[in-house]
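This report refers to the structure that appears directly beneath it.
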Amino acid sequence: MKKKNPQHRWVSLWRHFYDREKTVDELTTSMIRWQEKWNWDLMKINPPACYHALDWGAEYEFFADPSREPELRRPVITTAGDVRNISVLDPREGALGEQLQVIRNLRQHFGNELPIVETIFSPIEIAHRLMNSREDFDSLRKNSPQETHNLLETIYKTFLDFSMRCLDAGANGVFFATKWASSDLMSWSEYEEFGKRYELPVLNALQDRDALVILHVCGERTYLDRMLDYPADIFSYDFFADGAPDPAEIGKFVLGGIDPQRLVSNPDSVIEDCKRFASIDKWLIGPSCVITQDATDEAINKVTRASGRAS
């Protein structure tokens with residue numbers, strides 16, 4: 001599937017349906033209903049974040065509550081020695097294979113015109129989901145750096161293969177996300193060693209396939225300004241976060257500007273933001289992260305009207 005670059009100001013909001021994401025049919029149906037309701041210019045597939053870790057044996061509990069994210073019940077890695085049990089996966093099987101089927105289902109349903117991207121986390125972002133916490137990963141990288149590199153290499157090889165198969169299944173590209181690229185969590189040199197080193201092989205391979213790459217750098221005090229040379233078409237981030245660069249000064253396509261919390265509490269302020277960002281030629285309208293289930297249809301309609309689109 002060929003890359004689709006923005007030919008106009010894309011508008012796309014996305015959210016989780018935690019009670020309807022566990023199976024192929026549930027996730028497919030949730031994505032179709034959301035897209036057909038709002039006719040977004042871009043579909044970001046929003047699977048449960050834990051899909052990245054399930055095939056390595058991480059056990060998560062899913063809930064019937066639409067506002068409750070799946071919770072880890074049994075991690076795969078609790079000691080450095082556990083890393084040797086993590087091997088490269090065949091992405092055609094298990095939870096990864098199910099994601100490929102979701103992509104095929106959505107492409108078959110919508111045809112070739114709608115740009116569709118799969119959400120894939122950076123290897124460093126996936127690594128801590130095999131453990132109890134980010135703190136556990138931080139301890140591993142500080143105390144057992146070689147085991148950490150072995151783990152990250154296994155993850156990147158798996159998800160490089162998976163990324164290519166997403167394109168073969170019908171995705172136009174990838175929404176590639178990390179929360180680790182922040183000075184709150186590590187220095188830039190540490191991120192280069194444990195983050196960038198394993199991200200670029202995936203992103204370069206996607207670029208070689210002429211895939212659409214959206215790089216999402218989440219959080220405050222990020223290293224986004226040092227990542228603008230990444231092979232990405234669109235840079236997604238929280239415009240309002242502490243330390244965030246001015247989207248008008250990026251000089252590349254930027255995706256964001258919709259504060260999920262204020263979309264619920266004060267949607268009129270979000271409309272004012274839209275008016276302010278409208279002068280940025282390469283601004284694409286999207287959320288800082290994901291919008292919540294509390295966002296009303298009325299508020300979402302206000303955003304679509306402010307963008308100049310019919311709702």
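Identifiers for the structure tokens are assigned positionally: chains receive A, B, ... in sequence, residues are indexed from 1 per chain, and ligands are indexed from 1 in the order shown.
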Which polymer residues have any atom within 8 Å of an atom of A:Glu59, counting only C-alpha atoms, with same-chain residues fewer than 4 positions away left out, as JSON, numbers by chain? {"A": [54, 72, 73, 74, 75]}
Running DSSP on the backbone, which parts of stretch 40-224 of chain A land in strand (DSSP E or B), as a VMD selection string? chain A and resid 43 to 44 59 to 61 71 to 74 116 to 121 173 to 178 182 212 to 217 222
Which residues come within 6 Å of A:Pro70, counting only C-alpha atoms, excluding same-chain residues fewer than 3 positions away, as an NGL selection string? :A and (60-62)
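The nearest approach to A:Leu130 among the residues A:Gly97, A:Cys50, A:Ser87, A:Asp65, with only C-alpha atoms taken into account, belongs to A:Cys50.
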Report as a PyMOL selection string all protein, DNA and RNA residues lying within 10 Å of A:Asn39, evaluated on only C-alpha atoms, omitting residues in the same chain fewer than 2 positions from it. chain A and resi 11-12+32-37+41-43+114+309-311
Now that the selection is made, can you save its residues with N, CA, C and O atoms as a PDB file, in the first residue's frame?
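Result saved to out_32.pdb:
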ATOM      1  N   VAL A  11      -7.666  15.865   9.651  1.00  0.00           N
ATOM      2  CA  VAL A  11      -8.273  15.894  10.979  1.00  0.00           C
ATOM      3  C   VAL A  11      -8.525  14.457  11.396  1.00  0.00           C
ATOM      4  O   VAL A  11      -9.166  13.690  10.666  1.00  0.00           O
ATOM      5  N   SER A  12      -8.005  14.080  12.545  1.00  0.00           N
ATOM      6  CA  SER A  12      -8.243  12.727  13.044  1.00  0.00           C
ATOM      7  C   SER A  12      -8.108  12.706  14.562  1.00  0.00           C
ATOM      8  O   SER A  12      -7.095  13.162  15.106  1.00  0.00           O
ATOM      9  N   ILE A  32     -14.080   0.457  12.745  1.00  0.00           N
ATOM     10  CA  ILE A  32     -15.009   0.775  11.651  1.00  0.00           C
ATOM     11  C   ILE A  32     -16.087   1.744  12.129  1.00  0.00           C
ATOM     12  O   ILE A  32     -16.393   2.737  11.459  1.00  0.00           O
ATOM     13  N   ARG A  33     -16.663   1.460  13.275  1.00  0.00           N
ATOM     14  CA  ARG A  33     -17.729   2.330  13.791  1.00  0.00           C
ATOM     15  C   ARG A  33     -17.224   3.741  14.052  1.00  0.00           C
ATOM     16  O   ARG A  33     -17.904   4.732  13.740  1.00  0.00           O
ATOM     17  N   TRP A  34     -16.040   3.862  14.624  1.00  0.00           N
ATOM     18  CA  TRP A  34     -15.481   5.175  14.928  1.00  0.00           C
ATOM     19  C   TRP A  34     -15.188   5.950  13.643  1.00  0.00           C
ATOM     20  O   TRP A  34     -15.491   7.132  13.537  1.00  0.00           O
ATOM     21  N   GLN A  35     -14.630   5.268  12.655  1.00  0.00           N
ATOM     22  CA  GLN A  35     -14.311   5.924  11.398  1.00  0.00           C
ATOM     23  C   GLN A  35     -15.568   6.326  10.637  1.00  0.00           C
ATOM     24  O   GLN A  35     -15.660   7.439  10.109  1.00  0.00           O
ATOM     25  N   GLU A  36     -16.544   5.448  10.597  1.00  0.00           N
ATOM     26  CA  GLU A  36     -17.761   5.753   9.831  1.00  0.00           C
ATOM     27  C   GLU A  36     -18.592   6.833  10.516  1.00  0.00           C
ATOM     28  O   GLU A  36     -19.339   7.560   9.851  1.00  0.00           O
ATOM     29  N   LYS A  37     -18.453   6.951  11.809  1.00  0.00           N
ATOM     30  CA  LYS A  37     -19.193   7.995  12.526  1.00  0.00           C
ATOM     31  C   LYS A  37     -18.628   9.376  12.220  1.00  0.00           C
ATOM     32  O   LYS A  37     -19.382  10.347  12.073  1.00  0.00           O
ATOM     33  N   ASP A  41      -9.759  11.851   8.300  1.00  0.00           N
ATOM     34  CA  ASP A  41      -8.868  11.850   7.137  1.00  0.00           C
ATOM     35  C   ASP A  41      -7.770  10.800   7.254  1.00  0.00           C
ATOM     36  O   ASP A  41      -7.133  10.459   6.254  1.00  0.00           O
ATOM     37  N   LEU A  42      -7.528  10.330   8.482  1.00  0.00           N
ATOM     38  CA  LEU A  42      -6.498   9.340   8.750  1.00  0.00           C
ATOM     39  C   LEU A  42      -7.037   8.384   9.801  1.00  0.00           C
ATOM     40  O   LEU A  42      -7.620   8.822  10.792  1.00  0.00           O
ATOM     41  N   MET A  43      -6.829   7.081   9.590  1.00  0.00           N
ATOM     42  CA  MET A  43      -7.192   6.118  10.629  1.00  0.00           C
ATOM     43  C   MET A  43      -5.930   5.645  11.339  1.00  0.00           C
ATOM     44  O   MET A  43      -5.059   5.022  10.725  1.00  0.00           O
ATOM     45  N   LEU A 114      -8.511   5.474   2.113  1.00  0.00           N
ATOM     46  CA  LEU A 114      -8.292   5.939   3.483  1.00  0.00           C
ATOM     47  C   LEU A 114      -6.879   5.610   3.954  1.00  0.00           C
ATOM     48  O   LEU A 114      -6.481   4.442   3.975  1.00  0.00           O
ATOM     49  N   ARG A 309     -14.170  21.370   8.310  1.00  0.00           N
ATOM     50  CA  ARG A 309     -14.765  20.168   7.722  1.00  0.00           C
ATOM     51  C   ARG A 309     -16.211  20.040   8.168  1.00  0.00           C
ATOM     52  O   ARG A 309     -16.576  20.475   9.252  1.00  0.00           O
ATOM     53  N   ALA A 310     -17.012  19.375   7.362  1.00  0.00           N
ATOM     54  CA  ALA A 310     -18.352  19.000   7.799  1.00  0.00           C
ATOM     55  C   ALA A 310     -18.207  17.841   8.759  1.00  0.00           C
ATOM     56  O   ALA A 310     -17.391  16.953   8.551  1.00  0.00           O
ATOM     57  N   SER A 311     -18.980  17.820   9.827  1.00  0.00           N
ATOM     58  CA  SER A 311     -18.889  16.745  10.814  1.00  0.00           C
ATOM     59  C   SER A 311     -19.578  15.499  10.305  1.00  0.00           C
ATOM     60  O   SER A 311     -20.319  15.538   9.346  1.00  0.00           O
TER      61      SER A 311
END
Within 12 Å of stretch 225-232 of chain A using only C-alpha atoms, minus same-chain residues under 3 positions, as a PyMOL selection string: chain A and resi 3+5+173-178+181-183+187-189+191-192+195-197+199-217+221-222+235-237+243-247+249-254
Can you work out the spacing between atom CA of A:Leu27 and atom CA of A:Ile234 in Å, to one decimal?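 It comes out at 25.0 Å.
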Env of stretch 150-165 of chain A: 7 Å cut, atoms = only C-alpha atoms, seq-sep filter 4 positions within chain, self excluded. Answer as a list in words.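 Returned residues: Val83, Ser87, Val88, Leu89, Pro91, Pro123, Ile124, Ala127, Gln146, Ala169, Tyr198 and Val202 of chain A.
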Would you work out the distance separating atom CA of A:Gly219 from atom CA of A:Gly57, expressed in Å to one decimal?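 Interatomic distance, atom CA of A:Gly219 to atom CA of A:Gly57: 28.0 Å.
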Nearest to A:Glu93: which of A:Glu113, A:Glu125, A:Asp55, A:Glu71 is it, counting only C-alpha atoms? A:Asp55
